[in-house]
Each structure stands twice: as C-alpha cells, then as structure tokens.
>>> print(open('upload_29.pdb').read())   # PDB, C-alpha atoms
ATOM      1  CA  MET A   1      85.981 115.998  49.334
ATOM      2  CA  SER A   2      86.830 112.334  49.115
ATOM      3  CA  THR A   3      87.660 110.536  45.895
ATOM      4  CA  LEU A   4      85.297 108.325  43.960
ATOM      5  CA  LEU A   5      87.234 105.242  45.090
ATOM      6  CA  GLU A   6      86.878 106.378  48.705
ATOM      7  CA  GLN A   7      83.135 106.889  48.259
ATOM      8  CA  HIS A   8      82.872 103.408  46.776
ATOM      9  CA  ALA A   9      84.764 102.021  49.795
ATOM     10  CA  HIS A  10      82.288 103.794  52.110
ATOM     11  CA  ALA A  11      79.337 102.361  50.198
ATOM     12  CA  LEU A  12      80.821  98.839  50.276
ATOM     13  CA  ALA A  13      81.373  99.181  54.013
ATOM     14  CA  GLU A  14      77.802 100.391  54.551
ATOM     15  CA  PHE A  15      76.376  97.382  52.745
ATOM     16  CA  ASP A  16      78.844  94.976  54.351
ATOM     17  CA  ARG A  17      77.938  96.191  57.832
ATOM     18  CA  ARG A  18      74.267  95.422  57.184
ATOM     19  CA  VAL A  19      75.084  91.985  55.764
ATOM     20  CA  GLY A  20      76.951  91.276  59.002
ATOM     21  CA  ASP A  21      73.844  92.274  60.974
ATOM     22  CA  ILE A  22      71.502  89.802  59.262
ATOM     23  CA  GLY A  23      70.151  87.297  61.743
ATOM     24  CA  PRO A  24      69.646  83.668  60.721
ATOM     25  CA  ASP A  25      65.868  84.116  60.682
ATOM     26  CA  GLN A  26      65.939  87.357  58.645
ATOM     27  CA  TRP A  27      66.921  86.072  55.185
ATOM     28  CA  SER A  28      63.278  85.854  54.099
ATOM     29  CA  ALA A  29      62.285  89.242  55.565
ATOM     30  CA  PRO A  30      60.757  91.732  53.103
ATOM     31  CA  THR A  31      62.683  94.794  51.936
ATOM     32  CA  PRO A  32      61.624  98.102  50.384
ATOM     33  CA  CYS A  33      62.411  96.472  47.022
ATOM     34  CA  THR A  34      58.919  95.031  46.738
ATOM     35  CA  ASP A  35      59.844  91.858  44.851
ATOM     36  CA  TRP A  36      62.924  91.067  46.940
ATOM     37  CA  ASP A  37      63.409  89.586  50.360
ATOM     38  CA  VAL A  38      66.716  90.014  52.216
ATOM     39  CA  ARG A  39      68.334  86.977  50.532
ATOM     40  CA  THR A  40      67.355  88.177  47.052
ATOM     41  CA  LEU A  41      68.588  91.711  47.770
ATOM     42  CA  VAL A  42      71.957  90.455  49.002
ATOM     43  CA  GLY A  43      72.139  88.122  45.993
ATOM     44  CA  HIS A  44      71.445  91.005  43.613
ATOM     45  CA  VAL A  45      74.194  93.181  45.071
ATOM     46  CA  THR A  46      76.577  90.216  45.197
ATOM     47  CA  ASP A  47      75.931  89.460  41.532
ATOM     48  CA  GLU A  48      76.629  93.092  40.633
ATOM     49  CA  GLN A  49      80.021  92.850  42.338
ATOM     50  CA  ARG A  50      80.806  89.576  40.568
ATOM     51  CA  TRP A  51      80.504  91.369  37.232
ATOM     52  CA  VAL A  52      83.095  94.040  38.028
ATOM     53  CA  PRO A  53      86.390  92.197  37.356
ATOM     54  CA  TYR A  54      84.997  90.649  34.172
ATOM     55  CA  LEU A  55      83.655  93.915  32.756
ATOM     56  CA  LEU A  56      86.761  95.913  33.685
ATOM     57  CA  ASP A  57      88.807  93.265  31.894
ATOM     58  CA  GLY A  58      86.857  93.885  28.670
ATOM     59  CA  GLY A  59      84.123  91.272  28.994
ATOM     60  CA  THR A  60      80.640  92.000  27.701
ATOM     61  CA  VAL A  61      77.192  91.292  29.073
ATOM     62  CA  ALA A  62      76.291  89.409  25.892
ATOM     63  CA  ASP A  63      79.281  87.074  26.208
ATOM     64  CA  ALA A  64      78.835  86.433  29.931
ATOM     65  CA  GLY A  65      75.506  84.676  29.827
ATOM     66  CA  ASP A  66      74.363  83.801  33.336
ATOM     67  CA  ARG A  67      77.784  82.997  34.802
ATOM     68  CA  PHE A  68      77.487  85.727  37.445
ATOM     69  CA  SER A  69      74.193  84.784  38.999
ATOM     70  CA  GLY A  70      73.364  81.994  41.268
ATOM     71  CA  GLY A  71      71.950  80.997  44.581
ATOM     72  CA  ASP A  72      74.592  80.746  47.261
ATOM     73  CA  ASP A  73      74.458  78.433  50.264
ATOM     74  CA  ASP A  74      76.247  81.113  52.300
ATOM     75  CA  PRO A  75      75.119  84.466  50.879
ATOM     76  CA  ALA A  76      77.144  86.499  53.412
ATOM     77  CA  ALA A  77      80.394  84.745  52.461
ATOM     78  CA  ALA A  78      79.562  85.027  48.747
ATOM     79  CA  TRP A  79      78.962  88.758  49.226
ATOM     80  CA  ARG A  80      82.312  89.269  50.919
ATOM     81  CA  ARG A  81      84.243  87.362  48.238
ATOM     82  CA  ALA A  82      82.520  89.281  45.444
ATOM     83  CA  ALA A  83      83.001  92.651  47.187
ATOM     84  CA  GLU A  84      86.725  92.007  47.717
ATOM     85  CA  ALA A  85      87.205  91.012  44.072
ATOM     86  CA  ALA A  86      85.273  94.040  42.805
ATOM     87  CA  ARG A  87      87.235  96.382  45.011
ATOM     88  CA  ALA A  88      90.562  94.925  43.878
ATOM     89  CA  ALA A  89      89.515  95.232  40.228
ATOM     90  CA  PHE A  90      88.619  98.920  40.603
ATOM     91  CA  GLU A  91      91.887  99.623  42.453
ATOM     92  CA  ALA A  92      94.051  97.988  39.773
ATOM     93  CA  ASP A  93      96.377 100.272  37.838
ATOM     94  CA  GLY A  94      94.530 101.986  35.000
ATOM     95  CA  ALA A  95      91.161 100.422  35.825
ATOM     96  CA  LEU A  96      89.376 103.755  36.098
ATOM     97  CA  ASP A  97      90.710 104.844  32.706
ATOM     98  CA  ARG A  98      88.920 102.003  30.907
ATOM     99  CA  ASN A  99      85.472 101.730  29.391
ATOM    100  CA  VAL A 100      83.022  98.983  30.235
ATOM    101  CA  SER A 101      80.290  97.453  28.142
ATOM    102  CA  LEU A 102      77.025  97.336  30.086
ATOM    103  CA  SER A 103      73.604  96.229  28.893
ATOM    104  CA  SER A 104      72.773  99.951  28.522
ATOM    105  CA  GLY A 105      75.858 100.623  26.389
ATOM    106  CA  VAL A 106      79.508 101.510  26.819
ATOM    107  CA  VAL A 107      80.340 103.777  29.773
ATOM    108  CA  SER A 108      83.518 104.912  31.448
ATOM    109  CA  ALA A 109      84.773 102.833  34.347
ATOM    110  CA  ARG A 110      84.342 105.937  36.516
ATOM    111  CA  ASP A 111      80.653 106.156  35.601
ATOM    112  CA  TYR A 112      80.284 102.445  36.277
ATOM    113  CA  LEU A 113      81.971 102.855  39.666
ATOM    114  CA  TRP A 114      79.633 105.735  40.492
ATOM    115  CA  GLN A 115      76.558 103.706  39.516
ATOM    116  CA  LEU A 116      77.672 100.880  41.780
ATOM    117  CA  THR A 117      78.428 103.314  44.612
ATOM    118  CA  VAL A 118      74.907 104.741  44.473
ATOM    119  CA  ASP A 119      73.413 101.274  44.214
ATOM    120  CA  LEU A 120      75.413  99.980  47.187
ATOM    121  CA  ALA A 121      74.332 102.935  49.315
ATOM    122  CA  VAL A 122      70.633 102.724  48.540
ATOM    123  CA  HIS A 123      70.634  98.951  48.950
ATOM    124  CA  ALA A 124      72.464  99.296  52.280
ATOM    125  CA  TRP A 125      69.489 101.366  53.405
ATOM    126  CA  ASP A 126      67.045  98.844  51.892
ATOM    127  CA  LEU A 127      68.803  96.044  53.748
ATOM    128  CA  ALA A 128      68.827  97.961  57.031
ATOM    129  CA  ARG A 129      65.115  98.621  56.675
ATOM    130  CA  GLY A 130      64.465  94.956  55.881
ATOM    131  CA  ILE A 131      66.279  93.659  58.957
ATOM    132  CA  GLY A 132      65.253  96.470  61.291
ATOM    133  CA  GLY A 133      68.859  97.660  61.534
ATOM    134  CA  ASP A 134      70.600 101.015  61.628
ATOM    135  CA  GLU A 135      69.370 102.979  58.604
ATOM    136  CA  ARG A 136      71.781 105.928  58.956
ATOM    137  CA  LEU A 137      74.290 106.019  56.124
ATOM    138  CA  ASP A 138      77.692 107.688  56.134
ATOM    139  CA  PRO A 139      76.932 111.451  56.005
ATOM    140  CA  GLU A 140      79.676 112.227  53.472
ATOM    141  CA  LEU A 141      78.433 109.453  51.202
ATOM    142  CA  VAL A 142      74.865 110.764  51.477
ATOM    143  CA  ARG A 143      75.991 114.334  50.795
ATOM    144  CA  ARG A 144      77.952 113.339  47.715
ATOM    145  CA  ILE A 145      75.222 111.143  46.263
ATOM    146  CA  HIS A 146      72.522 113.732  46.929
ATOM    147  CA  ALA A 147      74.571 116.518  45.343
ATOM    148  CA  GLU A 148      75.196 114.472  42.203
ATOM    149  CA  LEU A 149      71.622 113.206  41.870
ATOM    150  CA  ASP A 150      70.131 116.621  42.599
ATOM    151  CA  LYS A 151      72.122 118.335  39.850
ATOM    152  CA  ASP A 152      71.708 115.496  37.357
ATOM    153  CA  ASP A 153      68.662 115.805  35.115
ATOM    154  CA  ARG A 154      68.550 112.103  34.177
ATOM    155  CA  ASP A 155      65.364 110.229  34.923
ATOM    156  CA  TYR A 156      66.636 107.404  37.104
ATOM    157  CA  ALA A 157      63.202 105.796  37.221
ATOM    158  CA  ALA A 158      63.166 105.588  33.397
ATOM    159  CA  SER A 159      66.435 103.644  33.554
ATOM    160  CA  GLY A 160      64.572 100.885  35.371
ATOM    161  CA  LEU A 161      67.134 100.967  38.170
ATOM    162  CA  TYR A 162      65.019 102.877  40.672
ATOM    163  CA  ASP A 163      61.435 103.700  41.473
ATOM    164  CA  PRO A 164      60.085 107.139  40.552
ATOM    165  CA  PRO A 165      61.095 109.901  42.971
ATOM    166  CA  VAL A 166      58.814 110.498  45.930
ATOM    167  CA  ARG A 167      57.904 113.810  47.505
ATOM    168  CA  VAL A 168      59.348 114.659  50.875
ATOM    169  CA  SER A 169      59.044 117.687  53.095
ATOM    170  CA  SER A 170      61.520 120.470  52.459
ATOM    171  CA  SER A 171      62.494 120.061  56.114
ATOM    172  CA  ALA A 172      63.445 116.390  55.599
ATOM    173  CA  ASP A 173      67.053 115.560  56.341
ATOM    174  CA  LEU A 174      69.549 115.092  53.530
ATOM    175  CA  GLN A 175      69.423 111.297  53.644
ATOM    176  CA  ALA A 176      65.624 111.298  53.317
ATOM    177  CA  ARG A 177      65.894 113.697  50.351
ATOM    178  CA  MET A 178      68.559 111.519  48.705
ATOM    179  CA  LEU A 179      66.482 108.385  49.174
ATOM    180  CA  ALA A 180      63.398 110.161  47.820
ATOM    181  CA  LEU A 181      65.266 110.919  44.580
ATOM    182  CA  LEU A 182      65.686 107.143  44.238
ATOM    183  CA  GLY A 183      62.064 106.311  45.018
ATOM    184  CA  ARG A 184      62.482 105.461  48.696
ATOM    185  CA  ARG A 185      60.405 106.736  51.625
ATOM    186  CA  ALA A 186      62.612 107.033  54.694
TER     187      ALA A 186
END
>>> encode(input="upload_29.pdb", output="structure tokens")
Amino acid sequence: MSTLLEQHAHALAEFDRRVGDIGPDQWSAPTPCTDWDVRTLVGHVTDEQRWVPYLLDGGTVADAGDRFSGGDDDPAAAWRRAAEAARAAFEADGALDRNVSLSSGVVSARDYLWQLTVDLAVHAWDLARGIGGDERLDPELVRRIHAELDKDDRDYAASGLYDPPVRVSSSADLQARMLALLGRRA
C-alpha cells in the first residue's frame, strides 16, 4: 500500500493531467458541480492548494481573510504554482506532525492531507467529465479512497463538501461506487 503522501501525489497528478487537457474554448463548460463551470472548478482547487503552506505554517482561516482567492488570468499556470507550493509544504520536515486550523476546527495535518487528496481525486473526475476527457482515475487511488470512505461512518454530505450519496448497482465498478459515496453519478 502506498503512503498518504504518495496518494496525494497521485491525486495532484490526476487533477493536473485534466488541467493540461482543457481546451481554450472549454473554460466555460459545465461540470458535475452544478454551480461551477470548468474555470470556477479549477479556481476552487487552486485556492485550496494556496491555503496549504499558510495553514501548515500555523495560519488560521480567520486571520487569512480573502488572500487566497482570486480570479487568475492564466488559471492553468496558477494551478501549477499553487500545486507545487502545496506539495512542497506537505513534504517539509515535520509537516505531517502538525495540526492545522480549518474553518471546521483543528485537525491533524494528516487528516487535512487526506481531505485534500479525496477532493483532488473527485474534482479530477468532475473536470474530466466537464471537458469530455478521460474519466478513469488511478486504480490504487480509487481503491484507497473507496476503502476509507466505505468504512467511515461520517456523513460527508452533512459536511457541505459533497452531495448526498447516490445509489449505484452492486455490479458497478469500484470507481463508480467511490464516486457515488461522494454524490457523483459516473
């Protein structure tokens, strides 16, 4: 089994690959995130990555204000800069032993990394669906996320992060079952 940092790297790569596939006329295409087009989805994930170094360094959501959100003239380049900085922050010595202060409360850096890993993976699928790209995610990443979500009794929809789970056939593949737990219909 791969490490949490390796899973995060897979999820970053999955999202990055889809960002690289966005055509110039696809930035306003709809996505499965009903209120977001492709540009807004990429902006959301970029903003999440921008927060990582600040939060791992002890910053708080309350103190940050809106410094990590903004419209970018080149959303693909902004994504890559933010992803590189987030990755470097998580790989820094002792980073995973810290706690971070999120809007939902204080969590371990490992839990924060896991949340971002799941979010990157599901949004990679959302982005692929929005641009008509390859929707298949890394099988190991899918297996790990599904296993964790399936055994976890938290209501992810209640967190406001995901839509309510959807029903899928018991014969659905593992990726479809994972996505269904996060409110997506594959």
>>> resolve_selection(input="upload_29.pdb", expression="the PyMOL selection byres ((chain A and resi 95) around 10)", output="list in words")
Pro53, Leu56, Asp57, Ala88, Ala89, Phe90, Glu91, Ala92, Asp93, Gly94, Leu96, Asp97, Arg98, Asn99, Val100, Ser108, Ala109 and Arg110 of chain A
>>> closest_residue(input="upload_29.pdb", among="A:Asp163, A:Asp47, A:Asp111, A:Asp35", to="Arg80 (chain A)", atoms="all atoms listed in the file")
A:Asp47
>>> closest_residue(input="upload_29.pdb", among="A:Asp16, A:Leu174, A:Thr31, A:Ala82", to="Gly132 (chain A)", atoms="all atoms listed in the file")
A:Thr31
>>> closest_residue(input="upload_29.pdb", among="A:Ala147, A:Ala77, A:Leu41, A:Val106", to="Asp126 (chain A)", atoms="only C-alpha atoms")
A:Leu41
>>> closest_residue(input="upload_29.pdb", among="A:Gly183, A:Gly130, A:Pro139, A:Gly58", to="Ala29 (chain A)", atoms="all atoms listed in the file")
A:Gly130
>>> atom_distance(input="upload_29.pdb", atom1="CA of Pro32 (chain A)", atom2="CA of Leu113 (chain A)")
23.5 Å
>>> resolve_selection(input="upload_29.pdb", expression="the PyMOL selection byres ((chain A and resi 145) around 10)", output="PyMOL selection string")
chain A and resi 7+114+117-118+121-122+139-144+146-150+175+178-179
>>> atom_distance(input="upload_29.pdb", atom1="CA of Trp27 (chain A)", atom2="CA of Asp73 (chain A)")
11.8 Å
>>> closest_residue(input="upload_29.pdb", among="A:Val107, A:Val166, A:Val38, A:Ala78", to="Thr60 (chain A)", atoms="only C-alpha atoms")
A:Val107
>>> atom_distance(input="upload_29.pdb", atom1="CA of Asp134 (chain A)", atom2="CA of Tyr112 (chain A)")
27.2 Å
>>> closest_residue(input="upload_29.pdb", among="A:Leu102, A:Cys33, A:Ala186, A:Ala76", to="Ala64 (chain A)", atoms="all atoms listed in the file")
A:Leu102
>>> build_atoms(input="upload_29.pdb", residues="region 20-37 of chain A", atoms="N, CA and C atoms", output="short mmCIF file (atom, residue, chain, number, x, y, z; two decimals), in the frame of the given file")
data_model
loop_
_atom_site.label_atom_id
_atom_site.label_comp_id
_atom_site.auth_asym_id
_atom_site.auth_seq_id
_atom_site.Cartn_x
_atom_site.Cartn_y
_atom_site.Cartn_z
N GLY A 20 76.49 91.85 57.75
CA GLY A 20 76.95 91.28 59.00
C GLY A 20 75.90 91.29 60.10
N ASP A 21 74.91 92.16 59.96
CA ASP A 21 73.84 92.27 60.97
C ASP A 21 72.66 91.36 60.71
N ILE A 22 72.65 90.66 59.60
CA ILE A 22 71.50 89.80 59.26
C ILE A 22 71.47 88.61 60.20
N GLY A 23 70.34 88.46 60.87
CA GLY A 23 70.15 87.30 61.74
C GLY A 23 69.75 86.09 60.93
N PRO A 24 69.95 84.89 61.47
CA PRO A 24 69.65 83.67 60.72
C PRO A 24 68.19 83.56 60.28
N ASP A 25 67.30 84.19 61.02
CA ASP A 25 65.87 84.12 60.68
C ASP A 25 65.40 85.30 59.84
N GLN A 26 66.33 86.14 59.38
CA GLN A 26 65.94 87.36 58.64
C GLN A 26 66.12 87.26 57.13
N TRP A 27 66.64 86.17 56.62
CA TRP A 27 66.92 86.07 55.18
C TRP A 27 65.66 86.13 54.33
N SER A 28 64.53 85.79 54.87
CA SER A 28 63.28 85.85 54.10
C SER A 28 62.45 87.10 54.43
N ALA A 29 63.01 88.01 55.21
CA ALA A 29 62.28 89.24 55.56
C ALA A 29 62.11 90.12 54.33
N PRO A 30 60.98 90.83 54.25
CA PRO A 30 60.76 91.73 53.10
C PRO A 30 61.68 92.95 53.18
N THR A 31 61.88 93.56 52.03
CA THR A 31 62.68 94.79 51.94
C THR A 31 61.86 95.84 51.20
N PRO A 32 62.32 97.09 51.17
CA PRO A 32 61.62 98.10 50.38
C PRO A 32 61.59 97.81 48.88
N CYS A 33 62.46 96.93 48.42
CA CYS A 33 62.41 96.47 47.02
C CYS A 33 61.31 95.42 46.99
N THR A 34 60.15 95.81 46.52
CA THR A 34 58.92 95.03 46.74
C THR A 34 58.99 93.58 46.30
N ASP A 35 59.78 93.24 45.32
CA ASP A 35 59.84 91.86 44.85
C ASP A 35 60.98 91.07 45.50
N TRP A 36 61.73 91.70 46.39
CA TRP A 36 62.92 91.07 46.94
C TRP A 36 62.85 90.93 48.45
N ASP A 37 63.19 89.74 48.93
CA ASP A 37 63.41 89.59 50.36
C ASP A 37 64.90 89.85 50.62
#
